[in-house]
Structures are given as C-alpha cells and as structure tokens.
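In what follows, a single structure is set out as structure tokens and then discussed.
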Protein chains: 2
Amino acid sequence: MQFHIPYELYKDRHPTKSAALYHALRDSMVKGTLPVRTRLPSTRALAEMYGLSRGTVNQVYEMLASEGYLSCETGRGTFTAYDAGLSVAAERDEPQFRLSAWAARLEEAGKPAAAPERPHQAAAASAAPDVRRHDSGNRPGGREAAGDKPASSESTSRKDFAPLHNGEPRLVDFRAGWPDFRSFPHEEWNRLMYAQVRKLGSAPPDELMTAQGYWPLRESIARYLRRSRGIAVQPEQIAVGGGSMQAIALLAQLLLNPGDAAVMERPGFAGIRRAVLAAGGRPIWAEVDDAGIVPAAWDARLLFVTPARQFPTGAVLSLERRLALLRWAAEREAVIVEDDYDSEFRHRGRSLEPLKTLDGDGRVIYIGSFTKTLPPAFRIGYAVLPHGLISPFAQAQALYEPYPVNPLEQRALAAFMAAGSYERHLRRMKRLYSRKFDALRRLLHGELSGLFDWVESDAGLHLFGWWKHSEQRYASFKQACAEAGVRWSETQPVAAAAGRLRIGAYFHFAALTEEEMALGVGRMRACIGR
Amino acid sequence: MQFHIPYELYKDRHPTKSAALYHALRDSMVKGTLPVRTRLPSTRALAEMYGLSRGTVNQVYEMLASEGYLSCETGRGTFTAYDAGLSVAAERDEPQFRLSAWAARLEEAGKPAAAPERPHQAAAASAAPDVRRHDSGNRPGGREAAGDKPASSESTSRKDFAPLHNGEPRLVDFRAGWPDFRSFPHEEWNRLMYAQVRKLGSAPPDELMTAQGYWPLRESIARYLRRSRGIAVQPEQIAVGGGSMQAIALLAQLLLNPGDAAVMERPGFAGIRRAVLAAGGRPIWAEVDDAGIVPAAWDARLLFVTPARQFPTGAVLSLERRLALLRWAAEREAVIVEDDYDSEFRHRGRSLEPLKTLDGDGRVIYIGSFTKTLPPAFRIGYAVLPHGLISPFAQAQALYEPYPVNPLEQRALAAFMAAGSYERHLRRMKRLYSRKFDALRRLLHGELSGLFDWVESDAGLHLFGWWKHSEQRYASFKQACAEAGVRWSETQPVAAAAGRLRIGAYFHFAALTEEEMALGVGRMRACIGR
C-alpha cells in the first residue's frame, strides 16, 4: 500500500516536527484522504519515511490514539479510526430560522431611537473589527447544572467533610460533579491568571472583548473543535459565556413562542425543562433507552438532546438514530440543540463525532464547555451557532450583559489553549479518569448489581444505573446509606415500559479518589438488606 | 447648646477612635438625634470633650464633609447637612407584587418534575445556610451600559491612540466612560486577586457562593449602603451580578407582560428601552427638564428613573418630585426602579439620599454598581430588592447562570471592602474627580457656551449640554471635531418644548487628564465657525 500524508507542507506551518506530523495525520483523516481502517506504517517505517525520530512518531501515534483517531490492535498494527464519510466539511446553504416574538422584539429594540447609550465602553466597542460585526453582545453556556432540587434532608454540612476518628471521610459524596482539580496544572494556570489580573487592572476596555467573548479565545475554541471534534466552524460562530444554562435559556427564548412545543429527553437535564417552561414552551417528553433518545415523529420544531452521552444515563446515541434525528429536523424545519456536556472523556473505543459534524443543513446548535476540565470556580462555556442565529444570539447575550463578566478567565484560557496546555491537560486527565472509571465500574458491577441495572457507557465522568426494586425499598436503602455516609444523585421516578416507575441513580467519580470510591461502595454494600 | 453624641458607646464597638467618632456622628445624623443645620463644636472643643486629638477630629470632620454629611462654612463653622426627616429607617409592610406570566412560568418550572438535575455543585449548593434560603440563584446589575449605537463612522482604531508627532494624543475621547484606573490601588487589589486565584483553583464549590453572589460581599454591600447611603437593607435583599443591564432586563421580564406600559425618561438610558421592549412592554416616555424627570399621572405600574443624577443630563431630582413619584407609585401600586449609576461622586453640596431611603412602602428597587470605581474589566453590580421580589429575582438569575461567573472579583471585592479599602479609594477618587469636574466645567462653560446650554450638575463623571443650533450645524461641527481629533457622546434628537428637536452632548472626564481635556476643548473651539 502506498502511504502518503502531506507532512512536508505541514512542517512549514508548525513549530515542531511532532506538531506537523500530528496535524498532517489528523487532517488527512478528517478530509478523508486517509480512510477509516487504513493500516498505518510502523513507527520505525514512518520515522524513516519523513526523517523523524521514532520517539516523535510514537508520541504522535499515542496522542492520536488517546483522542480516538487511531486504534492500536495488538499483533495487527495501528489503524485509523476516524470515518470522514460521517462528517461534513462545510455547511451548505443554511435554513432560515423562525424566531420567537421575543427575538423579533429584541431585534426591533436594537434599532436606534431617542434614547442615548451610556457609553462606558463605547469607544472600544465600536472599534470591533469587521469580522465581528454581527457580534453585538452575549455570553452562552457551558456544561454545568446545579442541584436546585429541594433537598433539605440531603444537605451537606461542613461536618460531613470532617474525617471520622479512624481517618475515614465521614461522607463519600458521589454527587460531587466537579472535576479532579488536584491534577490541574495550577502553577501554569495561576501564572496566566496573575498576568491577566495585572494587565486588566490598568487597561481601558479591550476591543477584542465583546459580549460574545474574547476574540482570541473564540479562535482557539474554533481550532480545538476543528481539530479534536471534527466540527468545521468559524470563530464568529462561537459565543462564549459562563455555564451552559445561559445558552440553553437564551435559545429557548429565541426559538419558542408561548405554546410552542419543544422535545426533551426523559430522564434529562432539569435545566432544559426550566428554560423551555420559562419561555412558555410546551415540553414533549422523548423516550430514552439504552441506545439514547428514541426518535419519533414529534410535532415540534425544537429538540434538546445529549447524543454523545445521554444525560444522565450515559447511553451513546447510535449513528442510525443520529441520522433519524437529522432527517426529522430537515422535514420539520426544526432546530436541534446538541448538549455535549462531558464527552471529552472517552475511556474506550473510538472517538464519536458530535451530531454537529453530520449536520449538512446547519440545523444543529452545539453547546460545549470547560466546566469539566477547569477547576469549578472558573466557569466558561460556549455555543456553536449557525450563521443565521449569530446575530439574534448576540443581541440576547448583550441584553443581559453587554460585556463579559469573566474576562480574566477568558483571557487566561485563550493563552492556556494557545500554548497547547489545554490539550496536554485533557490527555493527562483522560488517562486519570479512565483509571477511575474502570475502578468505579468494577466496584459497582461487582458489589451492587443486585440492586441496580447498570447502563453500559464508555465515556464521561459518572456511571448510571436503574434501581431494580420498589420505590419504598429505594427510599429505605438511600436513608440507610446516608446514615452510613454515602450519597449519590438520582432521577425523579421515570415511567418505564410496563407502566412501572423507575428511579435512576448516578455516581460521579471525577472528584473522588479510588480509595474513597471503594469506601463508599463498601458502605453501600453493608447497607443491603438492612 | 448642649451637644451630645454617644461616642463612649461607639468606642467599644470600633477598632479606632476615629472610626468610633465617625460612626457616632453619622448615626446621630441619620437617626435624627443631630438635626440638619446643627452647628458642630470646633475640632478643639470636640477633642477636649471626648479626650481625642485634634488631628483625629479634623480627619473625621473632613471625611464626613467629603461625603456631604457636614458642610463647612467659612467664618461660620461646621454644620450638619443631613436631613433625617427625609429618610425612613425601616420598611413597613411590603406590597404584593404583580408578577408577569414569565415570572409565574419560571416559578412553576422550579417545582420538581421527572427530570434530574445535573448536580455539578449539588452538595455545596444544598448546604447553604438557612438565612439564604430564599436565594436560589442569580446575578443582577451594575451601573454600566455600552454603546451598541450603530456608529461605524465613529469607530475608533488603535491608530487613534497613537500620539501625533508633537506628542499630543491623536484623539481626545470624551466618550470614554470608564473610571481613572491610573489612581486605583493596584498593588492591594492585585494581592487580593492573586490570593483568590490560588484559593479557587484548588477548592470545591463554595457554599457561600450562590447565584445571587458571594454572601460576605452581600453583607459588605448592605453595610456600605446602610452607612453611606442611608438605605436600611439586609444582605439577603442584595443580588450581585455583572453590570446593571442584567438587573434591568430581569426586572422588566419579571414585572411586565407583553403590552404592559413602563415609564422611562427621555432622554434616558438606551439599555432600559431595550429591556422594556424585549419584555414586550410599551414605553411611556417621561419628560425630563433641568430638575430631572417631570412627574405625571402615567397609566403604568413600572417606572425606571435616575433620581440621583438624571441620565444623561445630570439633573438632580428635587425632593418635591421624589415625593410625587412615591405618591404616584403608591396610588398605582407601581414599582420604581431607581438606577443610581454614578452618584458616589458628588463634587459639591450635600449628600442626596437615594429615593430608596424615602420609600416607606417598599416599592423602590435600587440598582447600584462598582463599575465607576473598579477598573473597567471588573464588572460587579447589584440590585436591592424588596422582600417580595427576592425569590422571583433569584430564580431569574439562576435560570441564566446557576453560579456566578465572576467569583474571583466578588471575593476580592468583599475583602477590599472589609479592609476599608473601598471607602478609602472612594474618598481619594472623590477629591481627584472633583478637580477634574471643576476643570472640565471651567473649560466647557468658558469656551463652548456659544454652542451648548450647559445643564448644571454637581456630581457624577460627565457633563451635559444641549446643542443650541440646528441639527445640520451640529452634524458639521461634529464632523469637523472628529477630523480634528475630539469625540464625545450624544443623545438622539429629543423633542423639545416648541416642537423643535434638541440634541444633547455629554462629556466624560474620569478617564482623561486635565491636559487632555484642555487639548480636546481647545480643538473644539478651533472648529467653531469652520
């Protein structure tokens, strides 16, 4: 087989040989010139071919493998794992979006009238380069949501974190959905933040910082999405904000009139339900099974879905169903909001492209975030918008905050990404989380399979199971565990096949050590039958 | 005259003698035990009375004078300038607020349903102490708004800031509405920020940080408002966020149904118009003259007003009109949103209480911010809510951002305020801005009174004048000035008495040096008649 990648071309454009090789291989897969299941030359052969050291080639193969672009099969070799046939390089003609009355009013309100602006930053704002002309304000969403579930009986106090006299933690809390910040590169990040603190304290407003976010960060996110997620996107399509909720709430307001239907998963993210209800939307509940959302002929023009990893079950949506959703959207002239909350962390198998990469029509809005990778205090998320929604979304963001409230974090993250540190950190965390994932999976499957039907998943930062027994027994088991010092997250009871109600439980592992997980599951097992 | 203040009592409660004296005097005025126009003892006499040094008494008198609580009259002595009769210590029974359909939907959406939360921070959030039970989420507004006025012909580029070959700045930009950050205590602030960066990078979510803001900051703001603005307020009534726009937009959504009327000033802040229109409200334009908004029997239940300093004219609303607004609100069962965007900086005369202090009914929502005192990148603002609106506002904030996006700034500001540094900084800036205010006033009145009718004002960070001539002549003057390197802010043409249209121009001075102002006004004068 004749093997070729345009390495020489890439060498001129990248600072190091390994970067050039990495991108040459990646882009060849994404563009389809290296089809899926192509066997790669051995590291020795490729090193000779392009005058590289074997170490460099090895390192690049490992990076690509950790991202799911290559699969290494013992005794058989290394194969490409990316199917370019499923991705669409650029969007074709985009649909017109039917906007809500709220969006129309907002548009109308943006026109000049006999009311002056209070131009705190007028000079800087009006100086935004042309490419961001559409962008007159915003801040969209990341990947978090928070327990606003009434849970006074489940509250945690400081005392819960004090160790017992034998040194064990009093509470093992599987509800802790934040990342493992102990493994964060604090020194590098703090240096970047300090520099921004110094800089922003004595600088006039920055023309690169508009309501939709810091322009260099939007560029970095676009590059990251192109490279790592296969989404062909321009920086002006990226709207940066705090958590994911802002994007979800603003999209509901922009796309729903009171009475309009919106489809959402059950079980699903409560924040989506709140956003739809607040906008006056009428929820249509979509069924979820072990392959994710079950497509149907919903009479609606808006769908919120978590294809990469259904929330909270963790099920991965099959390609067949993804295509069915896109066909539904095309037929109904609907919009799909793809909520991708933690799929960076794939522990097994090949990288699954976001639904957005299959979206030839430009009907999919992709929502991503950094809240599963940065420490929890630094909240940055983003939405990837079709061109027709850039301006309405920008107006919506600017209505609430004309300038970003987290400029330090946005600028530090831009520098962190530009230095390659973000992807390095991701790779390190992938390895760490894979170990934790395996550990918790072994524990839960081994010890608690009598109580829960575990939903198989190979990504993300939590594991999910359906309770096998009665609601009453669940309540008393949960109570016993809480007294023993273990808590976890749960769904409200969900209707199941035979008219029964089912309760789902999910266990976050990112913030816990393997010892804490073992302790927690041990305590749970001790409560069985009590 | 028998002079008495409860100094001994205060001595036990304050760390320094000067703090005790300051608060004893202040509180006596606020409570009315020291009536307005009381002549104070000389510094020597007061020092002897309480065993203090004259230096201490001098310093306290100066502080109180700089805040408008005392007035020093040459040759006559020092008098109290605070009229306690105008303020109301505590709110009486509060009215029920009629909320919008949006607010009702949001409330409904907050109830549990068959959709689980994604509990990123569930453990921490549910652990909030009881006192903040109402507070389930938010981030309101500060004092900024930004030029989203279409102004491509007025854009500023980096080149504008490059000096000319003679060393003069190419552009003198009176549109620059940000504070003079050159005089900010950078070292102290940066130290506080660095400490927060280190702390938050390796900490789980903080139970004191809810969507309505960092609890200690809310306490500090409440203390500041009680002490410096005479507003009796509890920390749970304070909702902290980014700029003022968020509070304005959320209040419009919470209080207006589509078609409902809302009163706003003309000229006024364009952000308010946007918020009302987006919520579907119907604007009723209130007339503004040299004494501020002109009260009328508006058929509406919501009013946005800038009593401390009308935006943009700078007119101070008379006491008579303030009382008329409150009577109107009581009769109509209406809500008044008091937008207090820069009244910290009073250059002359006595301190004017916010309208909120006269609000016995609890019908006034006060919006304040730190955007005129902190460097422009650090955006923190707040709303002071009547008890009946705390929970709806919290739900509205949490809908868009379940957790604050600016935790570093909120925590640093809390420490800055607790150390007394914020009020020290304010006092320094008051002196600095008073000089700049006098300088610009002299320049404008002296050089440009043939062109503009200047509106007298004794506070704030900009000066305002009505153009005296035709629209055509304004356009050509403005064009000539732009070419000569001067720009300023302006209102859209506003209807005036005789059916004529008037244009208002306003000149921000905080960010400019006295030399720059002189240069800019000189350039303007050179353009007259061209």
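Residue names in the structure tokens use chain letters A, B, ... in the order shown, residue numbers from 1 in each chain, and ligand numbers from 1 in the order shown.
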Region 431-434 of chain A surroundings by only C-alpha atoms, 9 Å radius, close-in-sequence under 2 positions cut, as number ranges by chain: A: 66, 180, 183, 345-348, 426-429, 436-439, 459-461, 509-510
Every residue of region 416-502 of chain B that DSSP places in helix (DSSP H, G or I), as an MDAnalysis selection string: chainID B and resid 416:418 421:448 471:484
Å distance separating CA of Tyr7 (chain B) from CA of Arg226 (chain B), one decimal place: 18.9 Å
Polymer residues at most 12 Å from region 35-45 of chain A, only C-alpha atoms, same-chain spacing of 5 or more positions, as a ChimeraX atom specification: /A:1-5,21,25-30,50-62,68-73,75-86,350
Polymer residues at most 10 Å from Ala496 (chain A), only C-alpha atoms, same-chain spacing of 4 or more positions, as a count of residues only: 7
DSSP-assigned strand (DSSP E or B) among region 440-528 of chain B, expressed as number ranges by chain: B: 452-455, 459, 462-467, 486-487, 489-490, 494-495, 501-502, 504-508
Could the residues in this selection be saved with C-alpha atoms as a short mmCIF file (atom, residue, chain, number, x, y, z; two decimals), in the first residue's frame?
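After the write, result_23.cif holds the following:
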```cif
data_model
loop_
_atom_site.label_atom_id
_atom_site.label_comp_id
_atom_site.auth_asym_id
_atom_site.auth_seq_id
_atom_site.Cartn_x
_atom_site.Cartn_y
_atom_site.Cartn_z
CA PHE B 452 -24.22 74.44 24.20
CA ASP B 453 -26.61 75.21 27.03
CA TRP B 454 -24.84 73.51 29.90
CA VAL B 455 -27.02 71.69 32.41
CA ALA B 459 -21.95 65.20 40.82
CA HIS B 462 -19.68 63.56 32.90
CA LEU B 463 -21.06 66.97 31.96
CA PHE B 464 -24.03 67.54 29.71
CA GLY B 465 -25.16 70.33 27.41
CA TRP B 466 -27.98 70.94 24.94
CA TRP B 467 -26.85 71.99 21.45
CA VAL B 486 -12.18 65.09 19.50
CA ARG B 487 -15.22 62.93 20.08
CA SER B 489 -21.29 61.15 23.36
CA GLU B 490 -24.66 62.41 22.26
CA VAL B 494 -35.18 64.67 21.57
CA ALA B 495 -38.45 66.57 21.21
CA LEU B 501 -35.76 68.67 18.18
CA ARG B 502 -32.83 69.02 20.53
CA GLY B 504 -27.74 66.64 23.90
CA ALA B 505 -23.99 66.13 24.13
CA TYR B 506 -22.14 64.72 27.07
CA PHE B 507 -18.51 64.64 28.00
CA HIS B 508 -16.95 62.01 30.25
#
```
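Counting only C-alpha atoms and comparing B:Arg379, B:Arg191, B:Arg321, B:Arg218, the residue that lies closest to chain A is B:Arg379.
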Shell around region 402-410 of chain B at 6 Å using only C-alpha atoms, local window under 2 positions removed, as a PyMOL selection string: (chain A and resi 242+379+405-406) or (chain B and resi 137+196+210-211+398+412-413)
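Interatomic distance, CA of Asn257 (chain A) to CA of Leu251 (chain B): 20.1 Å.
CA of Glu207 (chain B) sits 25.9 Å away from CA of Ala232 (chain B).
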Surrounding residues of Pro386 (chain A) excluding itself and chain neighbours under 3 positions, 7 Å, only C-alpha atoms, as a ChimeraX atom specification: /A:237,362,365,389-390
Give me a file of those residues, with N, CA and C atoms, as a PDB file, in the first residue's frame.
```
ATOM      1  N   GLN A 237     -18.823  32.122  14.815  1.00  0.00           N
ATOM      2  CA  GLN A 237     -19.967  31.285  15.206  1.00  0.00           C
ATOM      3  C   GLN A 237     -19.933  30.893  16.678  1.00  0.00           C
ATOM      4  N   GLY A 362     -27.066  22.656   8.693  1.00  0.00           N
ATOM      5  CA  GLY A 362     -26.895  23.764   9.630  1.00  0.00           C
ATOM      6  C   GLY A 362     -28.083  23.920  10.557  1.00  0.00           C
ATOM      7  N   ILE A 365     -27.272  23.206  16.757  1.00  0.00           N
ATOM      8  CA  ILE A 365     -26.512  24.129  17.594  1.00  0.00           C
ATOM      9  C   ILE A 365     -25.772  23.269  18.609  1.00  0.00           C
ATOM     10  N   LEU A 389     -28.201  32.407  13.278  1.00  0.00           N
ATOM     11  CA  LEU A 389     -28.519  32.690  14.683  1.00  0.00           C
ATOM     12  C   LEU A 389     -27.451  33.517  15.386  1.00  0.00           C
ATOM     13  N   ILE A 390     -26.369  33.828  14.688  1.00  0.00           N
ATOM     14  CA  ILE A 390     -25.276  34.570  15.346  1.00  0.00           C
ATOM     15  C   ILE A 390     -25.784  35.905  15.867  1.00  0.00           C
TER      16      ILE A 390
END
```
